[in-house]
Structure formats: structure tokens, C-alpha cells
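Undergrad: Here you go, this is target.cif (mmCIF, N, CA and C atoms).
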data_model
#
loop_
_atom_site.label_atom_id
_atom_site.label_comp_id
_atom_site.auth_asym_id
_atom_site.auth_seq_id
_atom_site.Cartn_x
_atom_site.Cartn_y
_atom_site.Cartn_z
N MET A 1 58.16 -20.55 -22.30
CA MET A 1 57.30 -21.31 -21.43
C MET A 1 56.38 -20.37 -20.65
N ALA A 2 55.07 -20.60 -20.69
CA ALA A 2 54.12 -19.77 -19.97
C ALA A 2 53.92 -20.30 -18.57
N GLU A 3 53.85 -19.38 -17.66
CA GLU A 3 53.63 -19.78 -16.27
C GLU A 3 52.14 -19.92 -16.01
N ASN A 4 51.79 -20.96 -15.30
CA ASN A 4 50.40 -21.13 -14.88
C ASN A 4 50.19 -20.35 -13.59
N PRO A 5 49.15 -19.48 -13.57
CA PRO A 5 48.91 -18.77 -12.32
C PRO A 5 48.48 -19.74 -11.24
N SER A 6 48.89 -19.43 -10.03
CA SER A 6 48.51 -20.31 -8.92
C SER A 6 47.06 -20.04 -8.54
N PRO A 7 46.37 -21.07 -8.05
CA PRO A 7 44.97 -20.86 -7.64
C PRO A 7 44.92 -19.91 -6.45
N PRO A 8 43.80 -19.20 -6.31
CA PRO A 8 43.69 -18.26 -5.20
C PRO A 8 43.81 -18.99 -3.87
N SER A 9 44.44 -18.36 -2.94
CA SER A 9 44.60 -18.97 -1.63
C SER A 9 43.31 -18.87 -0.84
N PRO A 10 43.10 -19.77 0.11
CA PRO A 10 41.89 -19.71 0.94
C PRO A 10 41.78 -18.39 1.68
N LYS A 11 42.91 -17.78 2.00
CA LYS A 11 42.89 -16.51 2.72
C LYS A 11 42.25 -15.40 1.87
N SER A 12 42.53 -15.39 0.54
CA SER A 12 41.95 -14.36 -0.31
C SER A 12 40.44 -14.52 -0.43
N LYS A 13 39.94 -15.75 -0.35
CA LYS A 13 38.49 -15.97 -0.39
C LYS A 13 37.81 -15.45 0.87
N GLN A 14 38.49 -15.52 2.00
CA GLN A 14 37.91 -15.05 3.26
C GLN A 14 37.75 -13.53 3.25
N ASN A 15 38.62 -12.83 2.57
CA ASN A 15 38.58 -11.38 2.54
C ASN A 15 37.68 -10.83 1.44
N ALA A 16 37.13 -11.70 0.62
CA ALA A 16 36.28 -11.25 -0.48
C ALA A 16 35.00 -10.64 0.08
N ILE A 17 34.56 -9.57 -0.57
CA ILE A 17 33.32 -8.89 -0.17
C ILE A 17 32.15 -9.58 -0.87
N PRO A 18 31.12 -9.94 -0.12
CA PRO A 18 29.98 -10.58 -0.76
C PRO A 18 29.33 -9.64 -1.77
N THR A 19 28.90 -10.19 -2.90
CA THR A 19 28.32 -9.37 -3.96
C THR A 19 26.81 -9.38 -3.95
N THR A 20 26.20 -10.16 -3.10
CA THR A 20 24.74 -10.19 -3.07
C THR A 20 24.23 -9.06 -2.18
N ILE A 21 23.32 -8.31 -2.71
CA ILE A 21 22.70 -7.21 -1.98
C ILE A 21 21.21 -7.51 -1.91
N SER A 22 20.64 -7.40 -0.73
CA SER A 22 19.21 -7.67 -0.64
C SER A 22 18.44 -6.58 -1.39
N PRO A 23 17.49 -6.99 -2.20
CA PRO A 23 16.74 -6.00 -2.99
C PRO A 23 15.83 -5.15 -2.09
N ILE A 24 15.64 -3.92 -2.49
CA ILE A 24 14.74 -3.02 -1.77
C ILE A 24 13.33 -3.22 -2.32
N HIS A 25 12.35 -3.20 -1.45
CA HIS A 25 10.98 -3.37 -1.90
C HIS A 25 10.58 -2.16 -2.73
N PRO A 26 9.92 -2.35 -3.89
CA PRO A 26 9.55 -1.24 -4.77
C PRO A 26 8.71 -0.15 -4.08
N ALA A 27 7.84 -0.52 -3.17
CA ALA A 27 6.98 0.47 -2.51
C ALA A 27 7.77 1.46 -1.68
N LEU A 28 8.96 1.06 -1.24
CA LEU A 28 9.79 1.95 -0.43
C LEU A 28 10.40 3.08 -1.26
N THR A 29 10.29 3.00 -2.57
CA THR A 29 10.89 4.01 -3.45
C THR A 29 9.94 5.14 -3.82
N VAL A 30 8.67 5.03 -3.47
CA VAL A 30 7.69 6.06 -3.82
C VAL A 30 7.77 7.19 -2.81
N SER A 31 8.13 8.37 -3.29
CA SER A 31 8.26 9.49 -2.36
C SER A 31 7.05 10.42 -2.38
N ASN A 32 6.30 10.45 -3.48
CA ASN A 32 5.14 11.33 -3.56
C ASN A 32 4.05 10.63 -4.36
N ILE A 33 3.06 10.10 -3.67
CA ILE A 33 2.00 9.32 -4.30
C ILE A 33 1.20 10.16 -5.30
N THR A 34 1.08 11.46 -5.07
CA THR A 34 0.28 12.28 -5.98
C THR A 34 0.94 12.45 -7.34
N ASN A 35 2.20 12.06 -7.47
CA ASN A 35 2.82 12.03 -8.80
C ASN A 35 2.25 10.89 -9.63
N PHE A 36 1.69 9.88 -8.98
CA PHE A 36 1.19 8.70 -9.67
C PHE A 36 -0.34 8.68 -9.74
N ILE A 37 -0.99 9.14 -8.70
CA ILE A 37 -2.45 9.15 -8.66
C ILE A 37 -2.88 10.61 -8.63
N LYS A 38 -3.34 11.08 -9.77
CA LYS A 38 -3.66 12.50 -9.94
C LYS A 38 -5.07 12.85 -9.48
N VAL A 39 -5.86 11.87 -9.10
CA VAL A 39 -7.24 12.09 -8.66
C VAL A 39 -7.28 12.12 -7.14
N THR A 40 -7.90 13.16 -6.59
CA THR A 40 -8.12 13.21 -5.14
C THR A 40 -9.56 12.78 -4.89
N LEU A 41 -9.72 11.71 -4.15
CA LEU A 41 -11.05 11.20 -3.87
C LEU A 41 -11.76 12.15 -2.93
N ASP A 42 -12.97 12.55 -3.32
CA ASP A 42 -13.75 13.52 -2.56
C ASP A 42 -15.18 13.01 -2.43
N ILE A 43 -15.79 13.22 -1.29
CA ILE A 43 -17.16 12.76 -1.04
C ILE A 43 -18.16 13.45 -1.96
N GLU A 44 -17.85 14.68 -2.36
CA GLU A 44 -18.78 15.45 -3.18
C GLU A 44 -18.72 15.08 -4.66
N LYS A 45 -17.62 14.50 -5.10
CA LYS A 45 -17.46 14.15 -6.51
C LYS A 45 -17.60 12.64 -6.66
N ILE A 46 -18.25 12.24 -7.71
CA ILE A 46 -18.45 10.81 -7.93
C ILE A 46 -17.27 10.31 -8.78
N GLN A 47 -16.20 9.95 -8.10
CA GLN A 47 -15.01 9.50 -8.81
C GLN A 47 -14.36 8.29 -8.14
N TYR A 48 -15.10 7.65 -7.25
CA TYR A 48 -14.53 6.51 -6.53
C TYR A 48 -13.99 5.45 -7.48
N ASN A 49 -14.74 5.10 -8.51
CA ASN A 49 -14.30 4.04 -9.43
C ASN A 49 -12.98 4.40 -10.10
N THR A 50 -12.85 5.63 -10.54
CA THR A 50 -11.60 6.07 -11.18
C THR A 50 -10.46 6.04 -10.18
N TRP A 51 -10.68 6.62 -9.00
CA TRP A 51 -9.64 6.67 -7.97
C TRP A 51 -9.21 5.25 -7.57
N SER A 52 -10.18 4.38 -7.30
CA SER A 52 -9.85 3.04 -6.83
C SER A 52 -9.12 2.24 -7.90
N GLU A 53 -9.50 2.40 -9.16
CA GLU A 53 -8.82 1.68 -10.23
C GLU A 53 -7.37 2.16 -10.36
N LEU A 54 -7.16 3.47 -10.33
CA LEU A 54 -5.79 4.00 -10.38
C LEU A 54 -4.98 3.51 -9.18
N PHE A 55 -5.60 3.50 -8.03
CA PHE A 55 -4.91 3.07 -6.81
C PHE A 55 -4.54 1.59 -6.90
N LYS A 56 -5.46 0.75 -7.37
CA LYS A 56 -5.18 -0.68 -7.48
C LYS A 56 -4.06 -0.95 -8.48
N ILE A 57 -4.06 -0.23 -9.60
CA ILE A 57 -2.99 -0.39 -10.59
C ILE A 57 -1.65 -0.02 -9.97
N HIS A 58 -1.62 1.09 -9.26
CA HIS A 58 -0.39 1.52 -8.60
C HIS A 58 0.06 0.50 -7.55
N ALA A 59 -0.85 0.04 -6.73
CA ALA A 59 -0.51 -0.93 -5.69
C ALA A 59 0.00 -2.23 -6.31
N GLN A 60 -0.61 -2.66 -7.39
CA GLN A 60 -0.16 -3.89 -8.04
C GLN A 60 1.24 -3.71 -8.62
N SER A 61 1.48 -2.57 -9.25
CA SER A 61 2.80 -2.36 -9.86
C SER A 61 3.90 -2.23 -8.82
N TYR A 62 3.55 -1.83 -7.60
CA TYR A 62 4.53 -1.73 -6.52
C TYR A 62 4.45 -2.88 -5.53
N GLU A 63 3.78 -3.94 -5.94
CA GLU A 63 3.73 -5.21 -5.20
C GLU A 63 3.15 -5.11 -3.79
N VAL A 64 2.10 -4.28 -3.64
CA VAL A 64 1.44 -4.16 -2.34
C VAL A 64 -0.09 -4.25 -2.44
N LEU A 65 -0.58 -4.79 -3.55
CA LEU A 65 -2.03 -4.91 -3.74
C LEU A 65 -2.66 -5.74 -2.62
N ASN A 66 -1.92 -6.73 -2.11
CA ASN A 66 -2.47 -7.57 -1.04
C ASN A 66 -2.65 -6.83 0.28
N HIS A 67 -2.21 -5.60 0.36
CA HIS A 67 -2.45 -4.80 1.57
C HIS A 67 -3.85 -4.19 1.57
N ILE A 68 -4.45 -4.06 0.38
CA ILE A 68 -5.80 -3.51 0.32
C ILE A 68 -6.83 -4.55 -0.12
N ILE A 69 -6.38 -5.52 -0.88
CA ILE A 69 -7.25 -6.61 -1.32
C ILE A 69 -6.56 -7.91 -0.94
N PRO A 70 -7.06 -8.60 0.08
CA PRO A 70 -6.37 -9.81 0.53
C PRO A 70 -6.34 -10.86 -0.56
N PRO A 71 -5.25 -11.63 -0.60
CA PRO A 71 -5.17 -12.69 -1.61
C PRO A 71 -6.29 -13.70 -1.41
N SER A 72 -6.72 -14.25 -2.50
CA SER A 72 -7.79 -15.24 -2.48
C SER A 72 -7.35 -16.47 -1.70
N THR A 73 -8.29 -17.10 -1.06
CA THR A 73 -7.97 -18.33 -0.33
C THR A 73 -7.68 -19.46 -1.30
N ILE A 74 -8.01 -19.26 -2.58
CA ILE A 74 -7.71 -20.26 -3.60
C ILE A 74 -6.21 -20.29 -3.90
N VAL A 75 -5.55 -19.16 -3.71
CA VAL A 75 -4.12 -19.07 -3.97
C VAL A 75 -3.40 -20.10 -3.11
N SER A 76 -2.42 -20.73 -3.69
CA SER A 76 -1.68 -21.77 -2.98
C SER A 76 -1.06 -21.23 -1.71
N THR A 77 -1.21 -21.98 -0.65
CA THR A 77 -0.62 -21.58 0.63
C THR A 77 0.68 -22.31 0.88
N SER A 78 1.25 -22.92 -0.18
CA SER A 78 2.49 -23.67 -0.01
C SER A 78 3.67 -22.75 0.29
N SER A 79 3.66 -21.54 -0.23
CA SER A 79 4.76 -20.62 0.08
C SER A 79 4.27 -19.57 1.08
N PRO A 80 5.05 -19.30 2.09
CA PRO A 80 4.62 -18.34 3.11
C PRO A 80 4.57 -16.92 2.55
N SER A 81 3.68 -16.13 3.08
CA SER A 81 3.53 -14.75 2.64
C SER A 81 4.57 -13.87 3.32
N LEU A 82 4.74 -12.67 2.78
CA LEU A 82 5.66 -11.70 3.38
C LEU A 82 5.24 -11.39 4.81
N LYS A 83 3.95 -11.39 5.05
CA LYS A 83 3.43 -11.12 6.40
C LYS A 83 3.96 -12.15 7.39
N GLU A 84 4.14 -13.39 6.94
CA GLU A 84 4.66 -14.45 7.79
C GLU A 84 6.19 -14.45 7.83
N ILE A 85 6.80 -14.15 6.69
CA ILE A 85 8.27 -14.19 6.59
C ILE A 85 8.92 -13.02 7.31
N ASP A 86 8.38 -11.83 7.06
CA ASP A 86 8.99 -10.62 7.62
C ASP A 86 7.89 -9.67 8.11
N PRO A 87 7.33 -9.94 9.29
CA PRO A 87 6.22 -9.12 9.79
C PRO A 87 6.58 -7.64 9.93
N SER A 88 7.82 -7.35 10.22
CA SER A 88 8.25 -5.97 10.37
C SER A 88 8.15 -5.22 9.03
N LEU A 89 8.63 -5.84 7.96
CA LEU A 89 8.53 -5.23 6.63
C LEU A 89 7.08 -5.12 6.20
N TRP A 90 6.28 -6.15 6.48
CA TRP A 90 4.86 -6.12 6.14
C TRP A 90 4.18 -4.91 6.81
N LYS A 91 4.47 -4.72 8.08
CA LYS A 91 3.86 -3.61 8.82
C LYS A 91 4.30 -2.26 8.25
N ARG A 92 5.58 -2.17 7.89
CA ARG A 92 6.09 -0.93 7.30
C ARG A 92 5.43 -0.66 5.95
N LEU A 93 5.31 -1.69 5.12
CA LEU A 93 4.66 -1.52 3.81
C LEU A 93 3.18 -1.16 3.99
N ASP A 94 2.53 -1.75 4.98
CA ASP A 94 1.13 -1.43 5.22
C ASP A 94 0.98 0.04 5.61
N ALA A 95 1.90 0.54 6.41
CA ALA A 95 1.86 1.96 6.79
C ALA A 95 2.07 2.85 5.57
N ILE A 96 2.92 2.42 4.66
CA ILE A 96 3.15 3.19 3.43
C ILE A 96 1.89 3.22 2.59
N VAL A 97 1.24 2.08 2.41
CA VAL A 97 0.01 2.03 1.62
C VAL A 97 -1.08 2.88 2.30
N LEU A 98 -1.14 2.83 3.61
CA LEU A 98 -2.10 3.66 4.36
C LEU A 98 -1.81 5.14 4.12
N GLN A 99 -0.55 5.52 4.10
CA GLN A 99 -0.18 6.90 3.78
C GLN A 99 -0.61 7.27 2.37
N TRP A 100 -0.46 6.34 1.43
CA TRP A 100 -0.90 6.59 0.05
C TRP A 100 -2.40 6.86 0.01
N ILE A 101 -3.16 6.06 0.75
CA ILE A 101 -4.61 6.27 0.78
C ILE A 101 -4.91 7.64 1.36
N TYR A 102 -4.35 7.93 2.54
CA TYR A 102 -4.59 9.22 3.18
C TYR A 102 -4.14 10.38 2.32
N GLY A 103 -3.08 10.19 1.54
CA GLY A 103 -2.55 11.27 0.71
C GLY A 103 -3.30 11.52 -0.57
N THR A 104 -4.27 10.64 -0.89
CA THR A 104 -5.00 10.80 -2.15
C THR A 104 -6.50 10.99 -1.94
N ILE A 105 -6.89 11.30 -0.71
CA ILE A 105 -8.31 11.57 -0.44
C ILE A 105 -8.44 12.98 0.14
N SER A 106 -9.65 13.49 0.07
CA SER A 106 -9.90 14.84 0.58
C SER A 106 -9.76 14.88 2.10
N ILE A 107 -9.58 16.07 2.62
CA ILE A 107 -9.47 16.26 4.07
C ILE A 107 -10.74 15.77 4.77
N ASP A 108 -11.90 16.04 4.18
CA ASP A 108 -13.16 15.59 4.78
C ASP A 108 -13.22 14.07 4.89
N LEU A 109 -12.82 13.37 3.82
CA LEU A 109 -12.80 11.91 3.88
C LEU A 109 -11.75 11.42 4.86
N LEU A 110 -10.62 12.08 4.88
CA LEU A 110 -9.57 11.70 5.82
C LEU A 110 -10.08 11.76 7.25
N HIS A 111 -10.75 12.84 7.60
CA HIS A 111 -11.30 12.97 8.96
C HIS A 111 -12.37 11.92 9.24
N THR A 112 -13.03 11.47 8.19
CA THR A 112 -14.08 10.47 8.35
C THR A 112 -13.52 9.07 8.59
N ILE A 113 -12.44 8.70 7.91
CA ILE A 113 -11.96 7.32 7.99
C ILE A 113 -10.77 7.10 8.90
N ILE A 114 -10.06 8.16 9.26
CA ILE A 114 -8.84 7.97 10.04
C ILE A 114 -9.18 7.44 11.44
N GLU A 115 -8.40 6.47 11.88
CA GLU A 115 -8.57 5.95 13.23
C GLU A 115 -7.24 5.39 13.72
N HIS A 116 -7.09 5.34 15.00
CA HIS A 116 -5.86 4.87 15.63
C HIS A 116 -5.60 3.40 15.27
N ASP A 117 -4.37 3.08 14.97
CA ASP A 117 -3.94 1.72 14.65
C ASP A 117 -4.70 1.09 13.48
N SER A 118 -5.05 1.89 12.49
CA SER A 118 -5.74 1.36 11.32
C SER A 118 -4.75 0.63 10.42
N THR A 119 -5.28 -0.09 9.47
CA THR A 119 -4.46 -0.73 8.45
C THR A 119 -4.93 -0.22 7.09
N ALA A 120 -4.13 -0.49 6.08
CA ALA A 120 -4.50 -0.07 4.73
C ALA A 120 -5.81 -0.73 4.31
N GLN A 121 -5.97 -2.00 4.63
CA GLN A 121 -7.19 -2.69 4.24
C GLN A 121 -8.42 -2.13 4.95
N LEU A 122 -8.31 -1.80 6.22
CA LEU A 122 -9.44 -1.20 6.94
C LEU A 122 -9.83 0.13 6.32
N ALA A 123 -8.85 0.97 6.01
CA ALA A 123 -9.13 2.27 5.39
C ALA A 123 -9.77 2.07 4.01
N TRP A 124 -9.22 1.14 3.23
CA TRP A 124 -9.75 0.84 1.90
C TRP A 124 -11.22 0.39 2.00
N ASP A 125 -11.49 -0.50 2.93
CA ASP A 125 -12.85 -1.01 3.11
C ASP A 125 -13.80 0.09 3.59
N ARG A 126 -13.33 0.96 4.46
CA ARG A 126 -14.18 2.05 4.94
C ARG A 126 -14.56 2.99 3.79
N LEU A 127 -13.60 3.27 2.91
CA LEU A 127 -13.90 4.11 1.75
C LEU A 127 -14.92 3.44 0.83
N PHE A 128 -14.75 2.16 0.59
CA PHE A 128 -15.71 1.43 -0.22
C PHE A 128 -17.10 1.52 0.40
N ASP A 129 -17.17 1.30 1.70
CA ASP A 129 -18.46 1.36 2.40
C ASP A 129 -19.12 2.73 2.25
N ILE A 130 -18.33 3.77 2.34
CA ILE A 130 -18.87 5.12 2.22
C ILE A 130 -19.51 5.33 0.85
N PHE A 131 -18.87 4.83 -0.19
CA PHE A 131 -19.36 5.09 -1.54
C PHE A 131 -20.33 4.05 -2.07
N PHE A 132 -20.37 2.84 -1.51
CA PHE A 132 -21.19 1.80 -2.12
C PHE A 132 -22.15 1.05 -1.22
N ASP A 133 -21.85 0.86 0.04
CA ASP A 133 -22.66 -0.05 0.83
C ASP A 133 -24.11 0.39 0.98
N ASN A 134 -24.31 1.60 1.45
CA ASN A 134 -25.70 2.05 1.57
C ASN A 134 -25.73 3.56 1.69
N LYS A 135 -26.89 4.12 1.54
CA LYS A 135 -27.04 5.57 1.58
C LYS A 135 -26.80 6.12 2.97
N THR A 136 -27.06 5.32 4.00
CA THR A 136 -26.81 5.77 5.36
C THR A 136 -25.31 6.01 5.56
N SER A 137 -24.49 5.09 5.04
CA SER A 137 -23.04 5.26 5.16
C SER A 137 -22.60 6.54 4.49
N ARG A 138 -23.21 6.84 3.35
CA ARG A 138 -22.83 8.03 2.61
C ARG A 138 -23.29 9.30 3.35
N ALA A 139 -24.41 9.23 4.03
CA ALA A 139 -24.92 10.39 4.74
C ALA A 139 -24.15 10.66 6.03
N LEU A 140 -23.71 9.61 6.71
CA LEU A 140 -22.99 9.79 7.97
C LEU A 140 -21.75 10.65 7.85
N PRO A 141 -20.87 10.42 6.88
CA PRO A 141 -19.69 11.26 6.80
C PRO A 141 -20.02 12.74 6.62
N ARG A 142 -21.04 13.04 5.82
CA ARG A 142 -21.41 14.44 5.62
C ARG A 142 -21.88 15.04 6.94
N ALA A 143 -22.69 14.30 7.68
CA ALA A 143 -23.17 14.80 8.96
C ALA A 143 -21.99 15.04 9.90
N ARG A 144 -21.05 14.10 9.89
CA ARG A 144 -19.89 14.22 10.77
C ARG A 144 -19.02 15.42 10.34
N ILE A 145 -18.91 15.65 9.04
CA ILE A 145 -18.10 16.75 8.52
C ILE A 145 -18.67 18.08 8.98
N PHE A 146 -20.00 18.23 8.91
CA PHE A 146 -20.60 19.50 9.27
C PHE A 146 -20.59 19.76 10.77
N GLN A 147 -20.45 18.70 11.57
CA GLN A 147 -20.40 18.86 13.02
C GLN A 147 -19.03 19.34 13.48
N SER A 148 -18.01 19.10 12.69
CA SER A 148 -16.63 19.47 13.10
C SER A 148 -16.45 20.95 13.22
#
Would you kindly transcribe this structure into C-alpha cells?

TA:
Amino acid sequence: MAENPSPPSPKSKQNAIPTTISPIHPALTVSNITNFIKVTLDIEKIQYNTWSELFKIHAQSYEVLNHIIPPSTIVSTSSPSLKEIDPSLWKRLDAIVLQWIYGTISIDLLHTIIEHDSTAQLAWDRLFDIFFDNKTSRALPRARIFQS
């Protein structure tokens, strides 16, 4: 005759260790951005398109593209964004993306765009303005660089 095992007692369920672990955001795992983006953006070299495309691909693959390019207003607003759900994590990820930008541009560009309490999107937009908006924008950083 085979014995039927008794069902687990409620006490053993209380002592069970939960098996769900909150996932870590992929962007938190990048320790050296220059391993992924081999181009250093420089005011003297015309490589903005290459640099920005590599940067956007990297940001998309690490789920932080919305830190430099805001989601379209066409996108459904039925689900809340990470910025609304976890503002602390959003701010931390934004600082990481900002570090990535600063870590992949020349010192001259860094001195031109860095400002107190900036965001990744502001830095991204300032770089775009320097390279595309108008010739005055492009001339200003050079003038500022030579004054330092």
C-alpha cells in the first residue's frame, strides 16, 4: 500500500521565500558607453549623423530612447509612462543617458552644452542645434571655446 503524502501545511507556505525578483533596467547595466559608441562627436568633424544614429540605436536597445526623443503624442496614453510610475527611476535613467551623451562628445562640445540641472533631452537638443539649426549656433561654440 502506497502512502499519500500529506498536503503542505499553511505554516510551510508562510516560510516560503518569494521567487519573483524585480527586473533590473537594462540601462543600469552599461558601465562604459565608449564600448558601444566608438565615435566621439567633435565640432571640427562632420560626424553628427553617424554619432546620433549610433546613439539612438543604443538608447533604443537599452529602452531609454524616450529620454532623448519624447514619445509621440499619437502614442496611446492609456498606460502610464515610467516617468509617472517611478519618477525616481526615470530621473536616474535620465542622468545615465546624460552621462552617455557627455561621455561620447569632445571636451569642447562638453564645455559648450553642459549646464546645471540639465536633462538628456536638453543636451540632445542643444547638440542638434549646434550642428543643424543655423550657422550662428555653429559659430557660437567655437567663439566660446577660444575664449576659455

Undergrad: Which neighbours of range 101-118 of chain A fall inside 8 Å, counting only N, CA and C atoms, when residues of the same chain fewer than 2 positions from it are skipped, and could you give them as number ranges by chain?

TA: A: 33-34, 37-43, 94-99, 120-124, 126-127, 140-142, 144-145

Undergrad: Mind writing the picked residues with N, CA and C atoms as a short mmCIF file (atom, residue, chain, number, x, y, z; two decimals), keeping the file's coordinate frame?

TA:
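Dumped to again15.cif:
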data_model
loop_
_atom_site.label_atom_id
_atom_site.label_comp_id
_atom_site.auth_asym_id
_atom_site.auth_seq_id
_atom_site.Cartn_x
_atom_site.Cartn_y
_atom_site.Cartn_z
N ILE A 33 3.06 10.10 -3.67
CA ILE A 33 2.00 9.32 -4.30
C ILE A 33 1.20 10.16 -5.30
N THR A 34 1.08 11.46 -5.07
CA THR A 34 0.28 12.28 -5.98
C THR A 34 0.94 12.45 -7.34
N ILE A 37 -0.99 9.14 -8.70
CA ILE A 37 -2.45 9.15 -8.66
C ILE A 37 -2.88 10.61 -8.63
N LYS A 38 -3.34 11.08 -9.77
CA LYS A 38 -3.66 12.50 -9.94
C LYS A 38 -5.07 12.85 -9.48
N VAL A 39 -5.86 11.87 -9.10
CA VAL A 39 -7.24 12.09 -8.66
C VAL A 39 -7.28 12.12 -7.14
N THR A 40 -7.90 13.16 -6.59
CA THR A 40 -8.12 13.21 -5.14
C THR A 40 -9.56 12.78 -4.89
N LEU A 41 -9.72 11.71 -4.15
CA LEU A 41 -11.05 11.20 -3.87
C LEU A 41 -11.76 12.15 -2.93
N ASP A 42 -12.97 12.55 -3.32
CA ASP A 42 -13.75 13.52 -2.56
C ASP A 42 -15.18 13.01 -2.43
N ILE A 43 -15.79 13.22 -1.29
CA ILE A 43 -17.16 12.76 -1.04
C ILE A 43 -18.16 13.45 -1.96
N ASP A 94 2.53 -1.75 4.98
CA ASP A 94 1.13 -1.43 5.22
C ASP A 94 0.98 0.04 5.61
N ALA A 95 1.90 0.54 6.41
CA ALA A 95 1.86 1.96 6.79
C ALA A 95 2.07 2.85 5.57
N ILE A 96 2.92 2.42 4.66
CA ILE A 96 3.15 3.19 3.43
C ILE A 96 1.89 3.22 2.59
N VAL A 97 1.24 2.08 2.41
CA VAL A 97 0.01 2.03 1.62
C VAL A 97 -1.08 2.88 2.30
N LEU A 98 -1.14 2.83 3.61
CA LEU A 98 -2.10 3.66 4.36
C LEU A 98 -1.81 5.14 4.12
N GLN A 99 -0.55 5.52 4.10
CA GLN A 99 -0.18 6.90 3.78
C GLN A 99 -0.61 7.27 2.37
N ALA A 120 -4.13 -0.49 6.08
CA ALA A 120 -4.50 -0.07 4.73
C ALA A 120 -5.81 -0.73 4.31
N GLN A 121 -5.97 -2.00 4.63
CA GLN A 121 -7.19 -2.69 4.24
C GLN A 121 -8.42 -2.13 4.95
N LEU A 122 -8.31 -1.80 6.22
CA LEU A 122 -9.44 -1.20 6.94
C LEU A 122 -9.83 0.13 6.32
N ALA A 123 -8.85 0.97 6.01
CA ALA A 123 -9.13 2.27 5.39
C ALA A 123 -9.77 2.07 4.01
N TRP A 124 -9.22 1.14 3.23
CA TRP A 124 -9.75 0.84 1.90
C TRP A 124 -11.22 0.39 2.00
N ARG A 126 -13.33 0.96 4.46
CA ARG A 126 -14.18 2.05 4.94
C ARG A 126 -14.56 2.99 3.79
N LEU A 127 -13.60 3.27 2.91
CA LEU A 127 -13.90 4.11 1.75
C LEU A 127 -14.92 3.44 0.83
N LEU A 140 -23.71 9.61 6.71
CA LEU A 140 -22.99 9.79 7.97
C LEU A 140 -21.75 10.65 7.85
N PRO A 141 -20.87 10.42 6.88
CA PRO A 141 -19.69 11.26 6.80
C PRO A 141 -20.02 12.74 6.62
N ARG A 142 -21.04 13.04 5.82
CA ARG A 142 -21.41 14.44 5.62
C ARG A 142 -21.88 15.04 6.94
N ARG A 144 -21.05 14.10 9.89
CA ARG A 144 -19.89 14.22 10.77
C ARG A 144 -19.02 15.42 10.34
N ILE A 145 -18.91 15.65 9.04
CA ILE A 145 -18.10 16.75 8.52
C ILE A 145 -18.67 18.08 8.98
#

Undergrad: If the box runs along x, y and z of the file and leaves 6 Å on each side of range 28-34 of chain A, what are its centre and edge lengths in Å, one decimal, as JSON?

TA:
{"center_x": 5.6, "center_y": 6.8, "center_z": -3.9, "size_x": 22.6, "size_y": 23.4, "size_z": 18.9}

Undergrad: Grab the CA of Pro80 in chain A to atom N of Trp100 in chain A distance for me, in Å with one decimal place.

TA: 25.3 Å

Undergrad: Can you list every residue in range 44-133 of chain A that DSSP puts in alpha helix (DSSP H), as an NGL selection string?

TA: :A and (48-61 or 82-85 or 87-103 or 107-113 or 120-128)

Undergrad: What's the separation between CA of Ile68 in chain A and CA of Ile46 in chain A, in Å to one decimal place?

TA: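 The value is 20.8 Å.
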
Undergrad: Can you work out which one of A:Phe132, A:Ile69, A:Arg92, A:Ser79 has the shortest atom-to-atom distance to Ile57 in chain A, counting only C-alpha atoms?

TA: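 Of all the options, A:Ile69 lies closest to Ile57 in chain A.
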
Undergrad: When distances are computed from only C-alpha atoms, which of A:Gln47, A:Asp86, A:Asn35, A:His25 shows the smallest separation from Tyr62 in chain A?

TA: A:His25

Undergrad: Which one is closest to Val30 in chain A: A:Asn66, A:Asp125, A:Leu93, A:Glu84? Count only C-alpha atoms.

TA: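 Among the listed residues, A:Leu93 lies closest to Val30 in chain A.
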
Undergrad: Please, what distance in Å, to one decimal, runs between CA of Thr50 in chain A and atom C of Phe36 in chain A?

TA: 11.6 Å
